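Beneath this line is the structure, given in structure tokens, with notes to follow.
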Amino acid sequence: MGAVQLVILGLGLVSLGLSVWAIRADVALSWQFVVPEVVAPEGEPAFETVFDYTAETGQAHSPGILVREEGFTIIWFEGSEEAQADVDIHYTGFERDAEGWLRGTTGLLVTRGGLAKVMEPRQIVVTLGNTIENEAVRDGLYATVASVGGWAMASIVDVRAPGGRPARGRKLNLSPVFGRSNLVKSPMVEYADGSFGLPAYFEMGSTFGVLARLDKAGRVRDTRRMNGFGKPIQPMVVPLSESRAVAFLRDFDPSRKRLLVSRTEDGGQSWSPVAPMEVENPSSPVAALGLGEGRILLAVNDDGDRPEVLRLVLSEDEGESWRVLEEFEGEGALRYPMLRRLTSGEIVLAYSKGTKRGLVAHVFNQAWVAAQ
């Protein structure tokens, strides 16, 4: 054996040894969900519209909600049109005082140029899309980023933005296609060990939902698929117990007009085949929030022919049946809802209005839910 072959063999053994050491050093992930806490109704029922925004030109779409100790922040992407090269992430903050919710600072949170400069490794950023809070870290986001092609070639980028400015961007590798064709839409899911699951979806060819398991350092440690009936994307995961959860998914094929569902009994390690629900849906994503004890709040377009109608519905039997709490109707489609619970126990519902022309956000309390 020559010197070159010995060097190659030695490097291979070193690499293998480091891999074995890394695997043994990694702490096994917990597959026990954090169960949604039951918040008792307090005070008088309250429901308030705190944000009603229309873009001066172009589109403003797909709200995310960042939860803060002092309140919350609404984020969204805005530009001439979705997926175009002038789309950036905007924000507006809200804080409560003695008189109610006050709208604070508004501005740009993530720009294409600003993110491109801090990507590791460097890459161009052509456009930005759905963006959510990285609940594992302060001032963290997960953004849908396209650097080539359209959404089918997008990636999910872990963005760290202390002080409201991107300082680092790192692409998550969730697929063998250079980590591409992965997008994000729904909030994260917390596990008992302090790690998180990130609901995501694959949009190239055969679509499917994904639950990506991230460790405390934000590394992708595992991925589990949700596939079956239709073209499932945009999973919205709601834990029901330490081991059980339900995922509501959008069918990317608009012809079937049905909301899709999948369930897990083992903490997300495996998922039942995706199946159609009785709930109508015009190929639109939903937002859901677990209220504990089998109760689920759902914001859904549940009329297959009327995307301009968005309903807030409640299930008290883990998603088997639903009753309407509130109906919203507008000119143009009301879509892409987002639900988050604040530190105060209040709930924020945000959604796009006017077929991607603006955004609306409401804040309500548990007493209002109980009174409906």
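In the structure tokens, chains take the letters A, B, ... in the order shown, each chain's residues start at 1, and ligands count up from 1 in the order shown.
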Name the residues in contact with Pro166 in chain A at a cut-off of 10 Å, using only C-alpha atoms, excluding same-chain residues fewer than 4 positions from it; report them as a JSON list (two decimals) with all heavy atoms, in the first residue's frame.
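And here's part.json as it stands now:
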```
[["chain", "number", "residue", "atom", "x", "y", "z"],
["A", 109, "LEU", "N", -37.88, 44.16, 8.69],
["A", 109, "LEU", "CA", -37.19, 43.26, 9.60],
["A", 109, "LEU", "C", -36.08, 42.49, 8.89],
["A", 109, "LEU", "O", -34.96, 42.40, 9.38],
["A", 109, "LEU", "CB", -38.19, 42.28, 10.21],
["A", 109, "LEU", "CG", -37.63, 41.26, 11.21],
["A", 109, "LEU", "CD1", -37.01, 41.97, 12.39],
["A", 109, "LEU", "CD2", -38.74, 40.32, 11.68],
["A", 110, "VAL", "N", -36.40, 41.92, 7.74],
["A", 110, "VAL", "CA", -35.41, 41.17, 6.95],
["A", 110, "VAL", "C", -35.52, 41.61, 5.50],
["A", 110, "VAL", "O", -36.60, 41.54, 4.91],
["A", 110, "VAL", "CB", -35.63, 39.65, 7.04],
["A", 110, "VAL", "CG1", -34.56, 38.91, 6.23],
["A", 110, "VAL", "CG2", -35.62, 39.18, 8.49],
["A", 111, "THR", "N", -34.42, 42.05, 4.93],
["A", 111, "THR", "CA", -34.37, 42.36, 3.51],
["A", 111, "THR", "C", -33.57, 41.30, 2.78],
["A", 111, "THR", "O", -32.75, 40.60, 3.37],
["A", 111, "THR", "CB", -33.74, 43.74, 3.25],
["A", 111, "THR", "OG1", -32.35, 43.69, 3.63],
["A", 111, "THR", "CG2", -34.45, 44.83, 4.04],
["A", 114, "GLY", "N", -29.85, 42.28, 2.93],
["A", 114, "GLY", "CA", -29.30, 42.13, 4.28],
["A", 114, "GLY", "C", -29.09, 40.69, 4.67],
["A", 114, "GLY", "O", -28.08, 40.34, 5.29],
["A", 115, "LEU", "N", -30.03, 39.81, 4.30],
["A", 115, "LEU", "CA", -29.88, 38.40, 4.62],
["A", 115, "LEU", "C", -28.78, 37.76, 3.79],
["A", 115, "LEU", "O", -28.00, 36.95, 4.30],
["A", 115, "LEU", "CB", -31.21, 37.67, 4.40],
["A", 115, "LEU", "CG", -31.22, 36.18, 4.73],
["A", 115, "LEU", "CD1", -30.80, 35.93, 6.17],
["A", 115, "LEU", "CD2", -32.60, 35.58, 4.47],
["A", 116, "ALA", "N", -28.69, 38.11, 2.52],
["A", 116, "ALA", "CA", -27.66, 37.54, 1.65],
["A", 116, "ALA", "C", -26.26, 37.79, 2.20],
["A", 116, "ALA", "O", -25.37, 36.94, 2.11],
["A", 116, "ALA", "CB", -27.79, 38.10, 0.24],
["A", 117, "LYS", "N", -26.05, 38.95, 2.81],
["A", 117, "LYS", "CA", -24.73, 39.31, 3.34],
["A", 117, "LYS", "C", -24.30, 38.46, 4.53],
["A", 117, "LYS", "O", -23.10, 38.34, 4.81],
["A", 117, "LYS", "CB", -24.71, 40.79, 3.73],
["A", 117, "LYS", "CG", -24.78, 41.76, 2.56],
["A", 117, "LYS", "CD", -24.82, 43.19, 3.05],
["A", 117, "LYS", "CE", -24.92, 44.16, 1.89],
["A", 117, "LYS", "NZ", -25.00, 45.58, 2.36],
["A", 118, "VAL", "N", -25.27, 37.87, 5.25],
["A", 118, "VAL", "CA", -24.92, 37.13, 6.46],
["A", 118, "VAL", "C", -25.17, 35.63, 6.32],
["A", 118, "VAL", "O", -25.07, 34.89, 7.30],
["A", 118, "VAL", "CB", -25.68, 37.68, 7.68],
["A", 118, "VAL", "CG1", -25.31, 39.13, 7.93],
["A", 118, "VAL", "CG2", -27.19, 37.54, 7.51],
["A", 119, "MET", "N", -25.49, 35.17, 5.11],
["A", 119, "MET", "CA", -25.71, 33.74, 4.90],
["A", 119, "MET", "C", -24.39, 32.98, 5.06],
["A", 119, "MET", "O", -23.35, 33.42, 4.61],
["A", 119, "MET", "CB", -26.29, 33.48, 3.52],
["A", 119, "MET", "CG", -27.75, 33.86, 3.36],
["A", 119, "MET", "SD", -28.87, 32.84, 4.33],
["A", 119, "MET", "CE", -28.61, 31.22, 3.59],
["A", 139, "ASP", "N", -35.06, 36.45, 19.31],
["A", 139, "ASP", "CA", -34.75, 37.13, 18.05],
["A", 139, "ASP", "C", -34.37, 36.15, 16.95],
["A", 139, "ASP", "O", -33.51, 36.44, 16.11],
["A", 139, "ASP", "CB", -33.62, 38.15, 18.26],
["A", 139, "ASP", "CG", -34.00, 39.25, 19.22],
["A", 139, "ASP", "OD1", -35.17, 39.69, 19.17],
["A", 139, "ASP", "OD2", -33.15, 39.67, 20.02],
["A", 140, "GLY", "N", -35.02, 34.99, 16.94],
["A", 140, "GLY", "CA", -34.78, 34.01, 15.89],
["A", 140, "GLY", "C", -35.99, 33.85, 14.99],
["A", 140, "GLY", "O", -37.14, 33.98, 15.43],
["A", 141, "LEU", "N", -35.75, 33.56, 13.73],
["A", 141, "LEU", "CA", -36.81, 33.35, 12.74],
["A", 141, "LEU", "C", -36.47, 32.13, 11.90],
["A", 141, "LEU", "O", -35.31, 31.74, 11.78],
["A", 141, "LEU", "CB", -36.92, 34.56, 11.80],
["A", 141, "LEU", "CG", -37.12, 35.94, 12.41],
["A", 141, "LEU", "CD1", -36.87, 37.00, 11.34],
["A", 141, "LEU", "CD2", -38.51, 36.09, 13.00],
["A", 159, "VAL", "N", -32.66, 32.20, 10.73],
["A", 159, "VAL", "CA", -32.19, 33.58, 10.75],
["A", 159, "VAL", "C", -32.08, 34.05, 12.19],
["A", 159, "VAL", "O", -33.03, 33.93, 12.96],
["A", 159, "VAL", "CB", -33.15, 34.51, 9.98],
["A", 159, "VAL", "CG1", -32.63, 35.95, 10.00],
["A", 159, "VAL", "CG2", -33.35, 34.03, 8.55],
["A", 160, "ARG", "N", -30.94, 34.56, 12.56],
["A", 160, "ARG", "CA", -30.76, 35.18, 13.88],
["A", 160, "ARG", "C", -30.68, 36.69, 13.68],
["A", 160, "ARG", "O", -29.83, 37.18, 12.92],
["A", 160, "ARG", "CB", -29.51, 34.65, 14.56],
["A", 160, "ARG", "CG", -29.48, 33.12, 14.69],
["A", 160, "ARG", "CD", -30.64, 32.61, 15.55],
["A", 160, "ARG", "NE", -30.77, 31.16, 15.50],
["A", 160, "ARG", "CZ", -30.17, 30.32, 16.33],
["A", 160, "ARG", "NH1", -29.37, 30.80, 17.29],
["A", 160, "ARG", "NH2", -30.37, 29.02, 16.23],
["A", 161, "ALA", "N", -31.58, 37.42, 14.36],
["A", 161, "ALA", "CA", -31.70, 38.86, 14.11],
["A", 161, "ALA", "C", -31.74, 39.64, 15.41],
["A", 161, "ALA", "O", -32.77, 40.25, 15.75],
["A", 161, "ALA", "CB", -32.94, 39.14, 13.26],
["A", 162, "PRO", "N", -30.65, 39.64, 16.19],
["A", 162, "PRO", "CA", -30.65, 40.44, 17.42],
["A", 162, "PRO", "C", -30.77, 41.92, 17.12],
["A", 162, "PRO", "O", -30.14, 42.44, 16.19],
["A", 162, "PRO", "CB", -29.28, 40.10, 18.04],
["A", 162, "PRO", "CG", -28.44, 39.67, 16.88],
["A", 162, "PRO", "CD", -29.38, 38.97, 15.95]]
```
Counting only C-alpha atoms, what are the residues of range 224-340 of chain A within 12 Å of range 125-131 of chain A, and for each of them which pair of atoms is the nearest and at what distance in Å, to one decimal? Sort the table by chain and rising number, as a tab-separated table.
```
residue	atom	partner	partner_atom	distance
A:Gln234	CA	A:Asn130	CA	10.7
A:Pro285	CA	A:Asn130	CA	11.9
A:Tyr336	CA	A:Asn130	CA	9.7
A:Pro337	CA	A:Asn130	CA	11.7
A:Met338	CA	A:Thr131	CA	11.3
```
For this session: Would you list, as a list of chain:residue names, the residues of range 34-208 of chain A that end up in helix (DSSP H, G or I) under DSSP run on this structure's backbone?
Result: A:Arg112, A:Gly113, A:Gly114, A:Leu115, A:Ala116, A:Lys117, A:Val118, A:Trp151, A:Ala152, A:Met153, A:Pro162, A:Gly163, A:Gly164
Residues just named, written with C-alpha atoms as a tab-separated table (two decimals), in the first residue's frame:
```
chain	number	residue	atom	x	y	z
A	112	ARG	CA	-33.07	40.22	0.69
A	113	GLY	CA	-29.78	42.07	0.53
A	114	GLY	CA	-29.30	42.13	4.28
A	115	LEU	CA	-29.88	38.40	4.62
A	116	ALA	CA	-27.66	37.54	1.65
A	117	LYS	CA	-24.73	39.31	3.34
A	118	VAL	CA	-24.92	37.13	6.46
A	151	TRP	CA	-41.00	28.07	-4.31
A	152	ALA	CA	-40.34	24.50	-5.45
A	153	MET	CA	-36.62	25.31	-5.08
A	162	PRO	CA	-30.65	40.44	17.42
A	163	GLY	CA	-31.81	44.02	17.65
A	164	GLY	CA	-34.02	43.55	14.58
```
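Residues in contact with range 213-228 of chain A at 8 Å, where only C-alpha atoms are counted and same-chain residues fewer than 3 positions away are skipped, are listed as Leu29, Ala136, Leu172, Asn173, Leu174, Gly194, Ser195, Phe196, Gly197, Leu198, Thr207, Phe208, Gly209, Val210, Lys231, Pro232, Ser262, Gly268, Gln269, Ser270, Trp271, Ser272, Pro273, Val274 and Ala275 of chain A.
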For this session: Could you give me the residues within range 205-322 of chain A that DSSP places in strand (DSSP E or B), as a VMD selection string?
Result: chain A and resid 208 to 214 220 to 226 228 232 to 239 245 to 251 258 to 264 274 to 280 287 to 292 295 to 300 309 to 315
For this session: Tell me, as a list in words, which residues lie within 8 Å of Arg244 in chain A, counting only C-alpha atoms; anything in the same chain fewer than 4 positions away does not count.
Result: Phe33, Pro239, Leu240, Arg263, Thr264, Glu265, Asp266, Gly267 and Gly268 of chain A
Could the residues in this selection be written to a file with all heavy atoms, as a compact mmCIF listing (two decimals), in the first residue's frame?
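Once written, part15.txt looks like this:
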```txt
# COMPACT_ATOMS: atom_id res chain seq x y z
N PHE A 33 -44.35 15.30 23.81
CA PHE A 33 -44.78 16.68 23.60
C PHE A 33 -45.00 17.41 24.91
O PHE A 33 -45.34 16.81 25.93
CB PHE A 33 -46.12 16.71 22.84
CG PHE A 33 -46.07 16.18 21.44
CD1 PHE A 33 -46.81 15.05 21.08
CD2 PHE A 33 -45.31 16.80 20.47
CE1 PHE A 33 -46.80 14.56 19.79
CE2 PHE A 33 -45.28 16.32 19.16
CZ PHE A 33 -46.02 15.19 18.83
N PRO A 239 -50.42 19.28 19.67
CA PRO A 239 -50.30 18.20 20.65
C PRO A 239 -51.58 18.05 21.47
O PRO A 239 -52.20 19.05 21.86
CB PRO A 239 -49.14 18.64 21.54
CG PRO A 239 -48.35 19.60 20.68
CD PRO A 239 -49.38 20.31 19.86
N LEU A 240 -51.98 16.81 21.72
CA LEU A 240 -53.15 16.50 22.53
C LEU A 240 -52.77 15.90 23.87
O LEU A 240 -53.53 15.99 24.83
CB LEU A 240 -54.07 15.54 21.76
CG LEU A 240 -54.56 16.04 20.40
CD1 LEU A 240 -55.29 14.92 19.66
CD2 LEU A 240 -55.47 17.24 20.57
N ARG A 263 -52.51 11.86 12.19
CA ARG A 263 -52.37 11.79 13.65
C ARG A 263 -51.16 10.95 14.03
O ARG A 263 -50.73 10.07 13.28
CB ARG A 263 -53.64 11.22 14.30
CG ARG A 263 -54.87 12.13 14.13
CD ARG A 263 -56.12 11.52 14.75
NE ARG A 263 -57.28 12.36 14.55
CZ ARG A 263 -57.72 13.27 15.41
NH1 ARG A 263 -57.07 13.45 16.56
NH2 ARG A 263 -58.78 14.01 15.15
N THR A 264 -50.61 11.25 15.20
CA THR A 264 -49.51 10.46 15.75
C THR A 264 -49.87 9.98 17.15
O THR A 264 -50.57 10.68 17.89
CB THR A 264 -48.20 11.26 15.79
OG1 THR A 264 -47.15 10.45 16.32
CG2 THR A 264 -48.32 12.50 16.66
N GLU A 265 -49.40 8.79 17.49
CA GLU A 265 -49.61 8.22 18.82
C GLU A 265 -48.29 8.04 19.56
O GLU A 265 -48.27 7.56 20.70
CB GLU A 265 -50.31 6.85 18.70
CG GLU A 265 -51.65 6.89 18.00
CD GLU A 265 -52.75 7.49 18.86
OE1 GLU A 265 -52.59 7.46 20.11
OE2 GLU A 265 -53.75 7.97 18.30
N ASP A 266 -47.17 8.40 18.93
CA ASP A 266 -45.86 8.16 19.52
C ASP A 266 -44.97 9.41 19.50
O ASP A 266 -43.78 9.34 19.25
CB ASP A 266 -45.15 7.00 18.81
CG ASP A 266 -45.05 7.20 17.30
OD1 ASP A 266 -45.28 8.33 16.82
OD2 ASP A 266 -44.76 6.21 16.60
N GLY A 267 -45.58 10.55 19.76
CA GLY A 267 -44.81 11.78 19.87
C GLY A 267 -44.28 12.33 18.57
O GLY A 267 -43.37 13.16 18.58
N GLY A 268 -44.82 11.88 17.44
CA GLY A 268 -44.38 12.38 16.15
C GLY A 268 -43.38 11.50 15.45
O GLY A 268 -42.89 11.85 14.36
```
Give me the range 214-256 of chain A side of the contact with range 302-322 of chain A, cut-off 12 Å, one line per residue showing its nearest atom pair and distance in Å at one decimal, counting only C-alpha atoms, sorted by chain and residue number, as a tab-separated table.
```
residue	atom	partner	partner_atom	distance
A:Val237	CA	A:Gly319	CA	11.9
A:Val238	CA	A:Glu318	CA	9.4
A:Pro239	CA	A:Glu318	CA	9.7
A:Leu240	CA	A:Glu318	CA	7.3
A:Ser241	CA	A:Glu318	CA	10.5
A:Arg244	CA	A:Glu318	CA	10.2
A:Ala245	CA	A:Glu318	CA	9.0
A:Val246	CA	A:Glu318	CA	8.0
A:Ala247	CA	A:Gly319	CA	10.0
A:Phe248	CA	A:Gly319	CA	9.5
A:Arg250	CA	A:Asp302	CA	11.5
A:Asp251	CA	A:Gly304	CA	11.7
A:Pro254	CA	A:Gly304	CA	8.8
A:Ser255	CA	A:Gly304	CA	9.3
A:Arg256	CA	A:Gly304	CA	8.8
```
Write to file, as a JSON list (two decimals), in the first residue's frame, the residues of the selection just made, with all heavy atoms.
```json
[["chain", "number", "residue", "atom", "x", "y", "z"],
["A", 237, "VAL", "N", -49.54, 21.38, 13.46],
["A", 237, "VAL", "CA", -49.50, 20.30, 14.45],
["A", 237, "VAL", "C", -50.00, 20.80, 15.80],
["A", 237, "VAL", "O", -49.54, 21.83, 16.31],
["A", 237, "VAL", "CB", -48.08, 19.73, 14.58],
["A", 237, "VAL", "CG1", -48.03, 18.64, 15.64],
["A", 237, "VAL", "CG2", -47.59, 19.20, 13.23],
["A", 238, "VAL", "N", -50.92, 20.04, 16.41],
["A", 238, "VAL", "CA", -51.47, 20.38, 17.72],
["A", 238, "VAL", "C", -51.29, 19.19, 18.66],
["A", 238, "VAL", "O", -51.94, 18.15, 18.48],
["A", 238, "VAL", "CB", -52.97, 20.73, 17.64],
["A", 238, "VAL", "CG1", -53.51, 21.08, 19.02],
["A", 238, "VAL", "CG2", -53.21, 21.87, 16.68],
["A", 239, "PRO", "N", -50.42, 19.28, 19.67],
["A", 239, "PRO", "CA", -50.30, 18.20, 20.65],
["A", 239, "PRO", "C", -51.58, 18.05, 21.47],
["A", 239, "PRO", "O", -52.20, 19.05, 21.86],
["A", 239, "PRO", "CB", -49.14, 18.64, 21.54],
["A", 239, "PRO", "CG", -48.35, 19.60, 20.68],
["A", 239, "PRO", "CD", -49.38, 20.31, 19.86],
["A", 240, "LEU", "N", -51.98, 16.81, 21.72],
["A", 240, "LEU", "CA", -53.15, 16.50, 22.53],
["A", 240, "LEU", "C", -52.77, 15.90, 23.87],
["A", 240, "LEU", "O", -53.53, 15.99, 24.83],
["A", 240, "LEU", "CB", -54.07, 15.54, 21.76],
["A", 240, "LEU", "CG", -54.56, 16.04, 20.40],
["A", 240, "LEU", "CD1", -55.29, 14.92, 19.66],
["A", 240, "LEU", "CD2", -55.47, 17.24, 20.57],
["A", 241, "SER", "N", -51.63, 15.22, 23.91],
["A", 241, "SER", "CA", -51.09, 14.64, 25.14],
["A", 241, "SER", "C", -49.59, 14.52, 24.94],
["A", 241, "SER", "O", -49.04, 14.99, 23.94],
["A", 241, "SER", "CB", -51.71, 13.27, 25.41],
["A", 241, "SER", "OG", -51.24, 12.30, 24.48],
["A", 244, "ARG", "N", -49.67, 12.02, 21.86],
["A", 244, "ARG", "CA", -50.61, 12.13, 20.75],
["A", 244, "ARG", "C", -50.69, 13.57, 20.24],
["A", 244, "ARG", "O", -50.60, 14.51, 21.01],
["A", 244, "ARG", "CB", -52.00, 11.66, 21.17],
["A", 244, "ARG", "CG", -52.06, 10.19, 21.55],
["A", 244, "ARG", "CD", -53.47, 9.74, 21.89],
["A", 244, "ARG", "NE", -54.04, 10.53, 22.98],
["A", 244, "ARG", "CZ", -55.03, 11.40, 22.83],
["A", 244, "ARG", "NH1", -55.58, 11.59, 21.64],
["A", 244, "ARG", "NH2", -55.48, 12.08, 23.86],
["A", 245, "ALA", "N", -50.85, 13.69, 18.92],
["A", 245, "ALA", "CA", -51.03, 15.00, 18.29],
["A", 245, "ALA", "C", -51.81, 14.80, 17.01],
["A", 245, "ALA", "O", -51.86, 13.71, 16.44],
["A", 245, "ALA", "CB", -49.69, 15.66, 18.01],
["A", 246, "VAL", "N", -52.42, 15.88, 16.56],
["A", 246, "VAL", "CA", -53.13, 15.89, 15.28],
["A", 246, "VAL", "C", -52.50, 16.95, 14.39],
["A", 246, "VAL", "O", -52.09, 18.01, 14.88],
["A", 246, "VAL", "CB", -54.64, 16.16, 15.49],
["A", 246, "VAL", "CG1", -54.88, 17.48, 16.19],
["A", 246, "VAL", "CG2", -55.39, 16.12, 14.16],
["A", 247, "ALA", "N", -52.37, 16.64, 13.11],
["A", 247, "ALA", "CA", -51.85, 17.60, 12.13],
["A", 247, "ALA", "C", -52.92, 17.87, 11.08],
["A", 247, "ALA", "O", -53.44, 16.93, 10.47],
["A", 247, "ALA", "CB", -50.58, 17.07, 11.47],
["A", 248, "PHE", "N", -53.25, 19.12, 10.88],
["A", 248, "PHE", "CA", -54.17, 19.53, 9.83],
["A", 248, "PHE", "C", -53.34, 20.02, 8.65],
["A", 248, "PHE", "O", -52.41, 20.82, 8.83],
["A", 248, "PHE", "CB", -55.09, 20.64, 10.31],
["A", 248, "PHE", "CG", -55.88, 20.27, 11.54],
["A", 248, "PHE", "CD1", -55.51, 20.75, 12.79],
["A", 248, "PHE", "CD2", -56.97, 19.43, 11.45],
["A", 248, "PHE", "CE1", -56.22, 20.41, 13.93],
["A", 248, "PHE", "CE2", -57.69, 19.07, 12.59],
["A", 248, "PHE", "CZ", -57.31, 19.56, 13.82],
["A", 250, "ARG", "N", -53.14, 21.23, 4.31],
["A", 250, "ARG", "CA", -53.78, 21.75, 3.11],
["A", 250, "ARG", "C", -53.55, 20.77, 1.95],
["A", 250, "ARG", "O", -52.45, 20.22, 1.82],
["A", 250, "ARG", "CB", -53.17, 23.10, 2.77],
["A", 250, "ARG", "CG", -53.54, 23.67, 1.42],
["A", 250, "ARG", "CD", -52.72, 24.92, 1.15],
["A", 250, "ARG", "NE", -52.92, 25.45, -0.20],
["A", 250, "ARG", "CZ", -52.22, 26.46, -0.72],
["A", 250, "ARG", "NH1", -51.27, 27.04, 0.01],
["A", 250, "ARG", "NH2", -52.47, 26.88, -1.95],
["A", 251, "ASP", "N", -54.56, 20.56, 1.14],
["A", 251, "ASP", "CA", -54.40, 19.79, -0.09],
["A", 251, "ASP", "C", -54.01, 20.76, -1.20],
["A", 251, "ASP", "O", -54.78, 21.65, -1.55],
["A", 251, "ASP", "CB", -55.69, 19.06, -0.45],
["A", 251, "ASP", "CG", -55.51, 18.03, -1.57],
["A", 251, "ASP", "OD1", -54.50, 18.14, -2.30],
["A", 251, "ASP", "OD2", -56.37, 17.15, -1.72],
["A", 254, "PRO", "N", -56.48, 21.93, -5.66],
["A", 254, "PRO", "CA", -57.71, 22.62, -5.27],
["A", 254, "PRO", "C", -58.99, 21.91, -5.71],
["A", 254, "PRO", "O", -60.08, 22.30, -5.29],
["A", 254, "PRO", "CB", -57.58, 23.97, -5.96],
["A", 254, "PRO", "CG", -56.72, 23.70, -7.16],
["A", 254, "PRO", "CD", -55.75, 22.63, -6.74],
["A", 255, "SER", "N", -58.89, 20.89, -6.53],
["A", 255, "SER", "CA", -60.10, 20.26, -7.08],
["A", 255, "SER", "C", -60.86, 19.46, -6.04],
["A", 255, "SER", "O", -62.07, 19.26, -6.17],
["A", 255, "SER", "CB", -59.73, 19.35, -8.26],
["A", 255, "SER", "OG", -58.96, 18.24, -7.83],
["A", 256, "ARG", "N", -60.19, 18.98, -4.98],
["A", 256, "ARG", "CA", -60.86, 18.10, -4.01],
["A", 256, "ARG", "C", -61.60, 18.86, -2.92],
["A", 256, "ARG", "O", -62.52, 18.34, -2.30],
["A", 256, "ARG", "CB", -59.84, 17.13, -3.40],
["A", 256, "ARG", "CG", -59.47, 16.01, -4.37],
["A", 256, "ARG", "CD", -58.48, 15.06, -3.71],
["A", 256, "ARG", "NE", -57.13, 15.59, -3.74],
["A", 256, "ARG", "CZ", -56.23, 15.26, -4.67],
["A", 256, "ARG", "NH1", -56.55, 14.43, -5.64],
["A", 256, "ARG", "NH2", -55.01, 15.76, -4.63]]
```
Problem set entry | Selection: 9 Å around Thr343 in chain A, only C-alpha atoms, excl. self and same-chain fewer than 2 positions, as a PyMOL selection string | chain A and resi 67-71+341+345-346
